[in-house]
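File shown: entry_37.csv (CSV, C-alpha atoms and all ligand atoms).
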chain,number,residue,atom,x,y,z
H,1,ALA,CA,6.8,13.3,-2.3
H,2,LEU,CA,4.4,12.0,0.3
H,3,THR,CA,5.7,9.3,2.6
H,4,ALA,CA,4.3,7.0,5.2
H,5,GLY,CA,6.2,6.3,8.4
H,6,ILE,CA,6.4,2.8,10.0
H,7,VAL,CA,6.2,2.9,13.7
H,8,GLY,CA,5.8,0.4,16.5
H,9,LEU,CA,7.3,-0.7,19.8
H,10,PRO,CA,10.6,-2.6,19.8
H,11,ASN,CA,10.5,-6.3,18.8
H,12,VAL,CA,7.1,-6.2,17.0
H,13,GLY,CA,8.6,-6.9,13.6
H,14,LYS,CA,9.2,-3.4,12.1
H,15,SER,CA,12.7,-4.0,10.8
H,16,THR,CA,11.6,-7.4,9.4
H,17,LEU,CA,8.8,-5.7,7.5
H,18,PHE,CA,11.0,-2.8,6.5
H,19,ASN,CA,13.6,-5.2,5.1
H,20,ALA,CA,10.8,-6.8,3.0
H,21,ILE,CA,10.0,-3.4,1.7
H,22,THR,CA,13.6,-2.5,0.7
H,23,GLN,CA,14.1,-6.0,-0.7
H,24,ALA,CA,11.0,-5.6,-2.9
H,25,GLY,CA,12.3,-2.2,-4.0
H,26,ALA,CA,15.8,-3.5,-4.7
H,27,LEU,CA,14.4,-6.0,-7.1
H,28,SER,CA,13.1,-3.2,-9.3
H,29,ALA,CA,15.4,-1.9,-12.0
H,30,ASN,CA,13.3,1.3,-12.1
H,31,TYR,CA,14.6,2.5,-8.8
H,32,PRO,CA,18.3,2.0,-8.6
H,33,PHE,CA,18.6,4.7,-5.9
H,34,ALA,CA,16.2,2.9,-3.6
H,35,THR,CA,18.8,2.4,-0.9
H,36,ILE,CA,20.5,5.8,-0.6
H,37,ASP,CA,18.8,6.7,2.6
H,38,PRO,CA,18.7,3.6,4.8
H,39,ASN,CA,15.5,4.7,6.5
H,40,VAL,CA,13.6,5.1,3.2
H,41,GLY,CA,12.2,2.2,1.2
H,42,ILE,CA,10.8,2.8,-2.2
H,43,VAL,CA,7.9,0.4,-3.3
H,44,GLU,CA,6.2,0.0,-6.6
H,45,VAL,CA,2.4,0.3,-6.4
H,46,PRO,CA,0.9,-3.0,-7.6
H,47,ASP,CA,-1.7,-2.2,-10.3
H,48,ARG,CA,-3.3,-4.8,-12.5
H,49,ARG,CA,-4.4,-2.1,-14.9
H,50,LEU,CA,-0.8,-1.4,-16.0
H,51,GLN,CA,-0.5,-5.0,-17.3
H,52,THR,CA,-3.7,-4.7,-19.2
H,53,LEU,CA,-2.7,-1.4,-20.8
H,54,THR,CA,0.7,-2.9,-21.7
H,55,GLU,CA,-1.1,-5.8,-23.6
H,56,LEU,CA,-3.3,-3.2,-25.3
H,57,VAL,CA,-0.6,-0.8,-26.4
H,58,ASN,CA,2.4,-3.1,-26.7
H,59,PRO,CA,5.0,-0.4,-25.7
H,60,LYS,CA,8.8,-0.8,-25.5
H,61,LYS,CA,8.7,-0.2,-21.8
H,62,THR,CA,6.3,-0.3,-18.8
H,63,VAL,CA,6.9,1.7,-15.7
H,64,PRO,CA,4.9,1.4,-12.5
H,65,THR,CA,4.6,4.2,-10.1
H,66,ALA,CA,6.2,4.2,-6.7
H,67,PHE,CA,6.2,5.8,-3.3
H,68,GLU,CA,8.1,5.8,0.0
H,69,PHE,CA,8.0,4.2,3.3
H,70,THR,CA,10.1,5.7,6.1
H,71,ASP,CA,11.3,3.5,8.9
H,72,ILE,CA,10.9,5.3,12.2
H,73,ALA,CA,12.8,3.5,15.0
H,74,GLY,CA,13.2,4.5,18.6
H,75,ILE,CA,9.8,4.8,20.2
H,76,VAL,CA,9.8,4.0,23.9
H,77,LYS,CA,7.6,4.9,26.8
H,78,GLY,CA,8.4,8.4,27.8
H,79,ALA,CA,9.4,9.5,24.3
H,80,SER,CA,7.3,12.7,24.7
H,81,LYS,CA,9.5,13.5,27.8
H,82,GLY,CA,12.6,13.0,25.6
H,83,GLU,CA,13.4,9.6,26.8
H,84,GLY,CA,15.4,7.2,24.6
H,85,LEU,CA,15.5,8.8,21.1
H,86,GLY,CA,12.2,10.4,22.1
H,87,ASN,CA,12.5,13.8,20.6
H,88,GLN,CA,14.1,12.5,17.4
H,89,PHE,CA,11.4,9.9,17.1
H,90,LEU,CA,8.7,12.6,17.4
H,91,SER,CA,10.3,14.9,14.9
H,92,HIS,CA,10.6,12.0,12.4
H,93,ILE,CA,6.9,11.3,12.8
H,94,ARG,CA,6.2,15.0,12.2
H,95,GLN,CA,7.7,14.7,8.8
H,96,VAL,CA,5.6,11.9,7.5
H,97,ASP,CA,2.2,12.2,5.9
H,98,ALA,CA,0.6,9.0,7.3
H,99,ILE,CA,1.4,6.4,9.9
H,100,CYS,CA,1.6,2.6,9.6
H,101,HIS,CA,1.6,1.3,13.1
H,102,VAL,CA,3.0,-2.2,13.4
H,103,VAL,CA,1.5,-4.2,16.3
H,104,ARG,CA,2.7,-7.5,17.5
H,105,ALA,CA,0.0,-10.2,17.2
H,106,PHE,CA,2.4,-13.2,17.2
H,107,GLU,CA,3.5,-15.3,20.2
H,108,ASP,CA,7.1,-16.4,20.3
H,109,GLU,CA,8.7,-17.3,23.6
H,110,ASN,CA,12.1,-16.6,22.2
H,111,ILE,CA,11.4,-13.0,21.4
H,112,THR,CA,10.9,-10.9,24.4
H,113,HIS,CA,8.2,-8.3,24.5
H,114,VAL,CA,9.1,-5.0,26.0
H,115,SER,CA,6.4,-5.0,28.6
H,116,GLY,CA,6.6,-8.7,29.3
H,117,GLN,CA,3.5,-9.9,27.5
H,118,VAL,CA,1.9,-9.6,24.1
H,119,ASP,CA,-1.0,-7.2,24.6
H,120,PRO,CA,-1.8,-5.4,21.3
H,121,ILE,CA,-4.2,-2.8,22.7
H,122,SER,CA,-1.8,-1.8,25.5
H,123,ASP,CA,1.0,-1.6,22.9
H,124,ILE,CA,-1.1,0.7,20.6
H,125,GLU,CA,-2.1,2.8,23.6
H,126,THR,CA,1.5,3.2,24.7
H,127,ILE,CA,2.5,4.7,21.4
H,128,ASN,CA,-0.6,6.7,21.0
H,129,LEU,CA,-0.2,8.2,24.4
H,130,GLU,CA,3.3,9.5,23.5
H,131,LEU,CA,1.8,11.2,20.5
H,132,ILE,CA,-1.1,12.5,22.4
H,133,LEU,CA,1.2,14.0,25.1
H,134,ALA,CA,3.4,15.7,22.4
H,135,ASP,CA,0.2,17.2,20.9
H,136,LEU,CA,-1.0,18.4,24.2
H,137,GLU,CA,2.2,20.3,24.6
H,138,THR,CA,1.8,21.8,21.1
H,139,VAL,CA,-1.8,22.8,21.9
H,140,SER,CA,-1.0,24.4,25.3
H,141,LYS,CA,1.9,26.4,23.8
H,142,ARG,CA,-0.3,27.7,21.1
H,143,MET,CA,-3.1,28.4,23.6
H,144,THR,CA,-0.9,30.7,25.7
H,145,ARG,CA,-0.2,32.7,22.6
H,146,VAL,CA,-3.7,32.8,21.2
H,147,ALA,CA,-5.4,33.5,24.6
H,148,LYS,CA,-4.2,37.0,24.8
H,149,MET,CA,-5.4,38.0,21.3
H,150,ALA,CA,-8.7,36.2,22.0
H,151,ARG,CA,-9.3,38.4,25.0
H,152,GLN,CA,-8.8,41.4,22.8
H,153,LYS,CA,-11.7,40.0,20.7
H,154,ASP,CA,-9.5,39.3,17.7
H,155,LYS,CA,-12.0,37.2,15.6
H,156,GLU,CA,-9.5,34.7,14.2
H,157,ALA,CA,-7.9,34.2,17.6
H,158,VAL,CA,-11.3,33.6,19.2
H,159,ALA,CA,-12.0,30.9,16.6
H,160,GLU,CA,-8.7,29.3,17.1
H,161,HIS,CA,-9.1,29.4,20.8
H,162,THR,CA,-12.3,27.4,20.6
H,163,VAL,CA,-10.6,24.8,18.5
H,164,LEU,CA,-7.7,24.6,20.8
H,165,GLU,CA,-10.0,24.1,23.8
H,166,LYS,CA,-11.8,21.3,22.1
H,167,LEU,CA,-8.6,19.7,21.2
H,168,GLN,CA,-7.2,20.0,24.7
H,169,GLU,CA,-10.2,18.4,26.1
H,170,ALA,CA,-10.1,15.5,23.7
H,171,LEU,CA,-6.4,14.9,24.1
H,172,GLU,CA,-6.7,15.0,27.9
H,173,ALA,CA,-9.2,12.2,27.5
H,174,GLU,CA,-6.6,10.3,25.4
H,175,THR,CA,-8.6,10.8,22.2
H,176,PRO,CA,-6.4,11.5,19.1
H,177,ALA,CA,-7.1,14.7,17.1
H,178,ARG,CA,-8.2,12.7,14.1
H,179,ALA,CA,-11.2,11.4,16.0
H,180,VAL,CA,-12.5,14.8,16.9
H,181,ASP,CA,-15.4,16.3,14.9
H,182,PHE,CA,-14.7,19.8,13.5
H,183,SER,CA,-16.4,22.0,10.9
H,184,ASP,CA,-14.6,22.6,7.6
H,185,ASP,CA,-13.3,26.0,8.8
H,186,GLN,CA,-12.1,24.5,12.1
H,187,GLN,CA,-10.4,21.7,10.2
H,188,LYS,CA,-8.2,24.3,8.5
H,189,ILE,CA,-7.1,25.6,11.9
H,190,VAL,CA,-6.4,22.1,13.1
H,191,LYS,CA,-4.4,21.4,9.9
H,192,GLY,CA,-2.2,24.4,10.6
H,193,LEU,CA,-1.2,22.9,14.0
H,194,HIS,CA,0.5,19.9,12.4
H,195,LEU,CA,-0.5,17.6,15.2
H,196,LEU,CA,0.9,14.1,15.3
H,197,THR,CA,-2.5,12.5,16.2
H,198,SER,CA,-4.2,14.1,13.2
H,199,LYS,CA,-2.1,12.2,10.7
H,200,PRO,CA,-4.0,9.4,9.0
H,201,ILE,CA,-3.2,6.0,10.4
H,202,LEU,CA,-3.5,2.3,9.7
H,203,TYR,CA,-2.6,-0.7,11.8
H,204,VAL,CA,-0.5,-3.6,10.7
H,205,ALA,CA,-1.1,-6.7,12.7
H,206,ASN,CA,2.0,-8.9,12.6
H,207,VAL,CA,0.8,-12.6,13.1
H,208,SER,CA,3.0,-15.7,13.2
H,209,GLU,CA,3.9,-17.8,10.2
H,210,ASP,CA,1.5,-20.6,11.1
H,211,GLU,CA,-1.4,-18.2,11.5
H,212,ILE,CA,-1.2,-16.4,8.1
H,213,GLY,CA,-4.0,-17.5,5.8
H,214,GLU,CA,-6.1,-18.6,8.8
H,215,GLY,CA,-8.9,-16.6,10.3
H,216,ASP,CA,-8.2,-13.7,12.7
H,217,ASN,CA,-6.6,-14.7,16.0
H,218,ASP,CA,-7.8,-13.1,19.2
H,219,LYS,CA,-5.2,-10.4,19.1
H,220,VAL,CA,-6.1,-9.4,15.5
H,221,LYS,CA,-9.7,-9.3,16.6
H,222,GLN,CA,-8.8,-6.9,19.4
H,223,ILE,CA,-6.8,-4.7,17.0
H,224,ARG,CA,-9.7,-4.6,14.5
H,225,GLU,CA,-12.1,-3.5,17.2
H,226,PHE,CA,-9.8,-0.8,18.4
H,227,ALA,CA,-9.2,0.4,14.8
H,228,ALA,CA,-12.9,0.4,13.9
H,229,ALA,CA,-13.5,2.9,16.7
H,230,GLU,CA,-11.0,5.2,15.0
H,231,ASN,CA,-12.3,4.4,11.5
H,232,ALA,CA,-8.8,3.1,10.8
H,233,GLU,CA,-8.0,0.1,8.5
H,234,VAL,CA,-6.1,-3.0,9.6
H,235,ILE,CA,-3.8,-5.1,7.4
H,236,VAL,CA,-2.8,-8.5,8.6
H,237,ILE,CA,0.7,-9.7,7.7
H,238,CYS,CA,3.4,-12.1,8.8
H,239,ALA,CA,6.5,-10.0,8.5
H,240,LYS,CA,8.8,-13.0,8.5
H,241,ILE,CA,7.0,-14.5,5.5
H,242,GLU,CA,6.8,-11.1,3.8
H,243,ALA,CA,10.6,-11.0,3.8
H,244,GLU,CA,10.6,-14.3,2.0
H,245,ILE,CA,7.9,-13.3,-0.5
H,246,ALA,CA,9.8,-10.1,-1.2
H,247,GLU,CA,12.6,-12.2,-2.7
H,248,LEU,CA,10.2,-13.7,-5.3
H,249,GLU,CA,8.7,-12.3,-8.4
H,250,GLY,CA,6.1,-13.4,-11.0
H,251,GLU,CA,5.1,-17.0,-11.2
H,252,GLU,CA,7.2,-18.1,-8.2
H,253,LYS,CA,5.6,-15.4,-6.1
H,254,ALA,CA,2.1,-16.5,-7.2
H,255,GLU,CA,2.7,-20.1,-6.4
H,256,PHE,CA,4.2,-19.3,-3.0
H,257,LEU,CA,1.1,-17.3,-2.1
H,258,GLU,CA,-1.2,-20.0,-3.3
H,259,ASP,CA,0.6,-22.5,-1.0
H,260,LEU,CA,0.1,-20.2,1.9
H,261,GLY,CA,-3.6,-19.8,1.0
H,262,ILE,CA,-3.5,-16.1,0.6
H,263,LYS,CA,-4.7,-14.1,-2.4
H,264,GLU,CA,-2.4,-11.1,-2.2
H,265,ALA,CA,0.9,-10.6,-0.4
H,266,GLY,CA,0.5,-8.6,2.8
H,267,LEU,CA,3.0,-6.1,1.6
H,268,ASP,CA,1.0,-5.5,-1.6
H,269,GLN,CA,-2.1,-5.0,0.6
H,270,LEU,CA,-0.2,-2.6,2.8
H,271,ILE,CA,1.1,-0.6,-0.1
H,272,LYS,CA,-2.3,-0.2,-1.6
H,273,ALA,CA,-4.0,0.7,1.7
H,274,THR,CA,-1.2,3.2,2.5
H,275,TYR,CA,-1.5,4.8,-1.0
H,276,ASN,CA,-5.2,5.4,-0.3
H,277,LEU,CA,-4.5,6.6,3.2
H,278,LEU,CA,-2.2,9.2,1.7
H,279,GLY,CA,-5.0,10.4,-0.6
H,280,LEU,CA,-3.0,9.2,-3.6
H,281,ALA,CA,-4.3,7.9,-6.9
H,282,THR,CA,-2.9,6.9,-10.3
H,283,TYR,CA,-3.3,8.1,-13.8
H,284,PHE,CA,-1.6,6.6,-16.9
H,285,THR,CA,0.2,7.7,-20.0
H,286,ALA,CA,0.1,5.1,-22.8
H,287,GLY,CA,2.3,5.6,-25.8
H,288,GLU,CA,4.3,3.3,-28.1
H,289,GLN,CA,7.5,4.1,-26.3
H,290,GLU,CA,6.2,3.7,-22.8
H,291,VAL,CA,3.1,2.8,-20.7
H,292,ARG,CA,3.5,4.4,-17.4
H,293,ALA,CA,1.6,4.9,-14.1
H,294,TRP,CA,1.9,8.2,-12.3
H,295,THR,CA,1.0,9.1,-8.8
H,296,PHE,CA,-1.1,12.2,-8.1
H,297,LYS,CA,-2.8,13.6,-5.1
H,298,GLU,CA,-6.6,13.4,-5.3
H,299,GLY,CA,-8.1,16.8,-6.1
H,300,MET,CA,-5.3,17.8,-8.5
H,301,THR,CA,-6.2,19.6,-11.7
H,302,ALA,CA,-5.0,18.5,-15.1
H,303,PRO,CA,-2.1,21.0,-15.3
H,304,GLN,CA,-1.0,20.0,-11.7
H,305,ALA,CA,-1.0,16.4,-12.7
H,306,ALA,CA,0.9,17.2,-15.9
H,307,GLY,CA,3.5,18.9,-13.7
H,308,ILE,CA,4.3,15.6,-12.1
H,309,ILE,CA,5.7,14.4,-15.4
H,310,HIS,CA,7.6,17.7,-16.2
H,311,THR,CA,7.2,21.3,-15.0
H,312,ASP,CA,7.1,22.3,-18.7
H,313,PHE,CA,3.9,20.2,-19.1
H,314,GLU,CA,2.3,22.3,-16.4
H,315,ARG,CA,3.6,25.7,-17.6
H,316,GLY,CA,2.7,25.1,-21.2
H,317,PHE,CA,-0.5,23.1,-20.5
H,318,ILE,CA,-3.1,23.4,-23.3
H,319,ARG,CA,-5.4,20.4,-23.0
H,320,ALA,CA,-5.5,16.9,-21.5
H,321,GLU,CA,-6.8,14.3,-24.0
H,322,THR,CA,-8.4,11.9,-21.5
H,323,VAL,CA,-10.1,8.5,-21.6
H,324,SER,CA,-11.0,6.5,-18.6
H,325,TYR,CA,-9.2,3.1,-18.2
H,326,GLU,CA,-12.5,1.2,-18.5
H,327,ASP,CA,-13.6,3.0,-21.6
H,328,LEU,CA,-10.2,2.4,-23.3
H,329,VAL,CA,-10.2,-1.3,-22.4
H,330,GLU,CA,-13.8,-1.6,-23.6
H,331,ALA,CA,-13.0,0.1,-26.9
H,332,GLY,CA,-9.8,-1.9,-27.4
H,333,THR,CA,-7.7,0.8,-28.9
H,334,MET,CA,-7.2,4.5,-28.5
H,335,GLY,CA,-8.5,5.0,-32.1
H,336,ALA,CA,-11.7,3.0,-31.3
H,337,ALA,CA,-12.2,4.9,-28.1
H,338,ARG,CA,-11.9,8.1,-30.1
H,339,ASP,CA,-14.4,6.9,-32.7
H,340,ARG,CA,-16.9,6.1,-29.9
H,341,GLY,CA,-16.5,9.6,-28.5
H,342,ARG,CA,-14.9,8.4,-25.3
H,343,VAL,CA,-11.8,10.5,-25.5
H,344,ARG,CA,-12.5,13.9,-23.9
H,345,LEU,CA,-10.5,17.1,-24.3
H,346,GLU,CA,-10.2,18.4,-20.8
H,347,GLY,CA,-9.1,21.9,-19.9
H,348,LYS,CA,-7.2,23.5,-17.0
H,349,ASP,CA,-9.9,23.1,-14.4
H,350,TYR,CA,-10.4,19.4,-15.0
H,351,LEU,CA,-9.9,17.3,-11.8
H,352,VAL,CA,-8.0,14.2,-12.7
H,353,LYS,CA,-9.5,10.9,-11.7
H,354,ASP,CA,-8.0,7.6,-10.7
H,355,GLY,CA,-7.6,5.5,-13.8
H,356,ASP,CA,-7.6,8.3,-16.4
H,357,VAL,CA,-5.4,7.6,-19.4
H,358,ILE,CA,-4.1,11.0,-20.5
H,359,HIS,CA,-2.2,12.5,-23.3
H,360,PHE,CA,-1.1,16.0,-22.4
H,361,ARG,CA,-0.9,18.7,-25.1
H,362,PHE,CA,1.3,21.6,-24.2
H,363,ASN,CA,3.4,24.5,-25.6
H,364,VAL,CA,7.1,24.5,-25.1
I,401,LIG,P1,11.5,-4.4,15.6
I,401,LIG,O1,12.3,-4.2,16.8
I,401,LIG,O2,10.1,-4.0,15.7
I,401,LIG,O3,12.2,-3.8,14.4
I,401,LIG,O4,11.4,-6.0,15.4
I,401,LIG,P2,12.2,-7.0,14.5
I,401,LIG,O5,11.8,-6.9,13.1
I,401,LIG,O6,13.7,-6.8,14.7
I,401,LIG,O7,11.7,-8.3,15.0
I,401,LIG,C1,12.0,-8.7,16.3
I,401,LIG,C2,12.2,-10.2,16.4
I,401,LIG,O8,10.9,-10.8,16.1
I,401,LIG,C3,13.1,-10.8,15.3
I,401,LIG,O9,13.8,-11.8,15.9
I,401,LIG,C4,12.2,-11.2,14.2
I,401,LIG,O10,12.8,-12.3,13.5
I,401,LIG,C5,11.0,-11.7,15.0
I,401,LIG,N1,9.8,-11.6,14.2
I,401,LIG,C6,9.4,-10.6,13.4
I,401,LIG,N2,8.2,-10.9,12.8
I,401,LIG,C7,7.9,-12.1,13.1
I,401,LIG,C8,6.9,-13.0,12.8
I,401,LIG,O11,6.0,-12.7,12.0
I,401,LIG,N3,6.9,-14.3,13.4
I,401,LIG,C9,7.9,-14.6,14.2
I,401,LIG,N4,7.9,-15.8,14.8
I,401,LIG,N5,8.9,-13.8,14.6
I,401,LIG,C10,8.9,-12.6,14.0
Any chance you could put this one into structure tokens?
Ligand code: GDP
Amino acid sequence: ALTAGIVGLPNVGKSTLFNAITQAGALSANYPFATIDPNVGIVEVPDRRLQTLTELVNPKKTVPTAFEFTDIAGIVKGASKGEGLGNQFLSHIRQVDAICHVVRAFEDENITHVSGQVDPISDIETINLELILADLETVSKRMTRVAKMARQKDKEAVAEHTVLEKLQEALEAETPARAVDFSDDQQKIVKGLHLLTSKPILYVANVSEDEIGEGDNDKVKQIREFAAAENAEVIVICAKIEAEIAELEGEEKAEFLEDLGIKEAGLDQLIKATYNLLGLATYFTAGEQEVRAWTFKEGMTAPQAAGIIHTDFERGFIRAETVSYEDLVEAGTMGAARDRGRVRLEGKDYLVKDGDVIHFRFNV
């Protein structure tokens, strides 16, 4: 399963946010194993469509889809040189598919900041620099190997060498790999290098409790500006309040959010944004027994998506009876959608779309 890693300097609110995540997961009866690995938090993906489908179909049970956040502690300056838990930190980042970078945007005299003052851009750059240095090492090692073959005019080696040179130049200028322009073919080479700075990233600005629901403070503005230059998204939260929200459900939660003057819990925003960042999307199955959301990776074919439910579904795949969520809601019932010709029989090459409601037909 894909996972997003939560990173940030010490004392920025990572643990507070991560506790909110595990608390939210712990409330859910669907994921009783949510706490086996203390560094992994399972969250349900909030999706209004699931509620609507439930009202439409009236099933015995409704099951949302979920994914994982991983808490990655231990970054300090010098991590790429193995300081602190440096190497461990970097190897943990290597294993995640996207990065949620928590940045401190709250002032609190009682909580010391590692570098003495709250300066979000310098904080971001501190971590990014460690990742850049680690990538530079990866790139130089690879270059030494490839250079020899490139001199012998090995075509693939020459192509890779060009990519490596471009990467080296960018990283030396402190530009992350994700911000470098490459052709599609070159992109494949970059992917094979598994660089830390090519992982998709979003920034989580942690503001104080009296600033949530207000406009952006100066620090948030700075973070937004920085992120925009990288085409990265910013989610503004107050980790402390998220921890409180995570203990509430339903009406209580809605009232609390209204009192705070926010539409949607920061954690829910973070979950959705991370889901998109990971290239994930949702399809539904809707039967009398169960209405359920399933996570698939964008670009998956119908048999691959079926395989998420069960490997037998993929192996014996015949057809995917598919209706879009909108068409189903408009028609009101599956039967009415069928009468209107909205239910399609899709074959093995069909690329599943977000919001598809699917009934798989398969051979056992
Ligand atoms: P970590 O080192 O990044 O995991 O940071 P922690 O989550 O342990 O937070 C460090 C300190 O900052 C703790 O005392 C938290 O209670 C406090 N803290 C975290 N988020 C907020 C916040 O939004 N507002 C305030 N005032 N304090 C916070």
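For the pair CA of Asp268 in chain H and atom C5 of ligand LIG 401 (chain I), the interatomic distance is 20.3 Å.
Of the listed residues (H:Gly355, H:Gly213, H:Pro10, H:Gly347), H:Gly355 comes nearest to Leu280 in chain H; the distances count all atoms listed in the file.
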Spatial neighbours of range 14-24 of chain H, 6 Å, all atoms listed in the file, chain gap at least 4 places, as a PDB file with C-alpha atoms, in the frame of the given file:
ATOM      1  CA  GLY H  41      12.200   2.200   1.200  1.00  0.00           C
ATOM      2  CA  ALA H 239       6.500 -10.000   8.500  1.00  0.00           C
ATOM      3  CA  GLU H 242       6.800 -11.100   3.800  1.00  0.00           C
ATOM      4  CA  ALA H 243      10.600 -11.000   3.800  1.00  0.00           C
ATOM      5  CA  ALA H 246       9.800 -10.100  -1.200  1.00  0.00           C
TER       6      ALA H 246
END
### Message
Which residues are near range 48-53 of chain H? Cut-off 10 Å, only C-alpha atoms, ignore same chain within fewer than 6 positions. Put them as number ranges by chain.
### Response
H: 59, 62-65, 284-287, 291-293, 325-326, 328-329, 332-333, 355, 357
Proximity check chain H to ligand LIG 401 (chain I), 10 Å, nearest pairs one decimal Å, only C-alpha atoms and all ligand atoms, as JSON lines:
{"residue": "H:Ile6", "atom": "CA", "partner": "I:LIG401", "partner_atom": "O2", "distance": 9.6}
{"residue": "H:Val7", "atom": "CA", "partner": "I:LIG401", "partner_atom": "O2", "distance": 8.2}
{"residue": "H:Gly8", "atom": "CA", "partner": "I:LIG401", "partner_atom": "O2", "distance": 6.2}
{"residue": "H:Leu9", "atom": "CA", "partner": "I:LIG401", "partner_atom": "O2", "distance": 6.0}
{"residue": "H:Pro10", "atom": "CA", "partner": "I:LIG401", "partner_atom": "O1", "distance": 3.8}
{"residue": "H:Asn11", "atom": "CA", "partner": "I:LIG401", "partner_atom": "O1", "distance": 3.4}
{"residue": "H:Val12", "atom": "CA", "partner": "I:LIG401", "partner_atom": "O2", "distance": 3.9}
{"residue": "H:Gly13", "atom": "CA", "partner": "I:LIG401", "partner_atom": "O5", "distance": 3.2}
{"residue": "H:Lys14", "atom": "CA", "partner": "I:LIG401", "partner_atom": "O2", "distance": 3.8}
{"residue": "H:Ser15", "atom": "CA", "partner": "I:LIG401", "partner_atom": "O3", "distance": 3.6}
{"residue": "H:Thr16", "atom": "CA", "partner": "I:LIG401", "partner_atom": "O5", "distance": 3.7}
{"residue": "H:Leu17", "atom": "CA", "partner": "I:LIG401", "partner_atom": "O5", "distance": 6.5}
{"residue": "H:Phe18", "atom": "CA", "partner": "I:LIG401", "partner_atom": "O5", "distance": 7.8}
{"residue": "H:Asn19", "atom": "CA", "partner": "I:LIG401", "partner_atom": "O5", "distance": 8.4}
{"residue": "H:Asp71", "atom": "CA", "partner": "I:LIG401", "partner_atom": "O3", "distance": 9.2}
{"residue": "H:Ile72", "atom": "CA", "partner": "I:LIG401", "partner_atom": "O3", "distance": 9.5}
{"residue": "H:Ala73", "atom": "CA", "partner": "I:LIG401", "partner_atom": "O3", "distance": 7.3}
{"residue": "H:Gly74", "atom": "CA", "partner": "I:LIG401", "partner_atom": "O1", "distance": 8.9}
{"residue": "H:Ile75", "atom": "CA", "partner": "I:LIG401", "partner_atom": "O2", "distance": 9.9}
{"residue": "H:Val102", "atom": "CA", "partner": "I:LIG401", "partner_atom": "O2", "distance": 7.7}
{"residue": "H:Val103", "atom": "CA", "partner": "I:LIG401", "partner_atom": "O2", "distance": 8.6}
{"residue": "H:Arg104", "atom": "CA", "partner": "I:LIG401", "partner_atom": "N2", "distance": 8.0}
{"residue": "H:Ala105", "atom": "CA", "partner": "I:LIG401", "partner_atom": "O11", "distance": 8.3}
{"residue": "H:Phe106", "atom": "CA", "partner": "I:LIG401", "partner_atom": "N3", "distance": 6.0}
{"residue": "H:Glu107", "atom": "CA", "partner": "I:LIG401", "partner_atom": "N4", "distance": 7.0}
{"residue": "H:Asp108", "atom": "CA", "partner": "I:LIG401", "partner_atom": "N4", "distance": 5.6}
{"residue": "H:Glu109", "atom": "CA", "partner": "I:LIG401", "partner_atom": "N4", "distance": 9.0}
{"residue": "H:Asn110", "atom": "CA", "partner": "I:LIG401", "partner_atom": "O9", "distance": 8.1}
{"residue": "H:Ile111", "atom": "CA", "partner": "I:LIG401", "partner_atom": "O8", "distance": 5.8}
{"residue": "H:Thr112", "atom": "CA", "partner": "I:LIG401", "partner_atom": "C2", "distance": 8.1}
{"residue": "H:His113", "atom": "CA", "partner": "I:LIG401", "partner_atom": "C1", "distance": 9.0}
{"residue": "H:Val114", "atom": "CA", "partner": "I:LIG401", "partner_atom": "O1", "distance": 9.8}
{"residue": "H:Ala205", "atom": "CA", "partner": "I:LIG401", "partner_atom": "O11", "distance": 9.3}
{"residue": "H:Asn206", "atom": "CA", "partner": "I:LIG401", "partner_atom": "O11", "distance": 5.5}
{"residue": "H:Val207", "atom": "CA", "partner": "I:LIG401", "partner_atom": "O11", "distance": 5.3}
{"residue": "H:Ser208", "atom": "CA", "partner": "I:LIG401", "partner_atom": "N3", "distance": 4.1}
{"residue": "H:Glu209", "atom": "CA", "partner": "I:LIG401", "partner_atom": "N3", "distance": 5.6}
{"residue": "H:Asp210", "atom": "CA", "partner": "I:LIG401", "partner_atom": "N3", "distance": 8.6}
{"residue": "H:Glu211", "atom": "CA", "partner": "I:LIG401", "partner_atom": "O11", "distance": 9.2}
{"residue": "H:Ile212", "atom": "CA", "partner": "I:LIG401", "partner_atom": "O11", "distance": 9.0}
{"residue": "H:Ile237", "atom": "CA", "partner": "I:LIG401", "partner_atom": "O11", "distance": 7.5}
{"residue": "H:Cys238", "atom": "CA", "partner": "I:LIG401", "partner_atom": "O11", "distance": 4.2}
{"residue": "H:Ala239", "atom": "CA", "partner": "I:LIG401", "partner_atom": "O11", "distance": 4.4}
{"residue": "H:Lys240", "atom": "CA", "partner": "I:LIG401", "partner_atom": "O11", "distance": 4.5}
{"residue": "H:Ile241", "atom": "CA", "partner": "I:LIG401", "partner_atom": "O11", "distance": 6.8}
{"residue": "H:Glu242", "atom": "CA", "partner": "I:LIG401", "partner_atom": "O11", "distance": 8.4}
{"residue": "H:Ala243", "atom": "CA", "partner": "I:LIG401", "partner_atom": "N2", "distance": 9.3}
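For range 191-195 of chain H, the residues within 8 Å (counting only C-alpha atoms, excluding itself and residues fewer than 5 positions away along the chain) are Arg94, Asp135, Thr138, Val139 and Ala177 of chain H.
Compared by their closest atoms to Gly25 in chain H, and using all atoms listed in the file, the residues H:Lys153, H:Gly316, H:Ile271, H:Val190 rank with H:Ile271 nearest.
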### Query
Please, what distance in Å, to one decimal, runs between CA of Leu202 in chain H and CA of Ile124 in chain H?
11.3 Å
### Query
Of the candidates H:Leu56, H:Glu258, H:Thr301, H:Ile93, which one gets nearest to Gly335 in chain H if we count all atoms listed in the file?
H:Leu56
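Here CA of Asp185 in chain H and CA of Lys155 in chain H stand 13.2 Å from one another.
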### Task
List the neighbours of Thr197 in chain H out to 8 Å using all atoms listed in the file; skip same-chain residues closer than 6 positions along the sequence, and give me the result as a ChimeraX atom specification.
/H:128,131-132,135,176-178
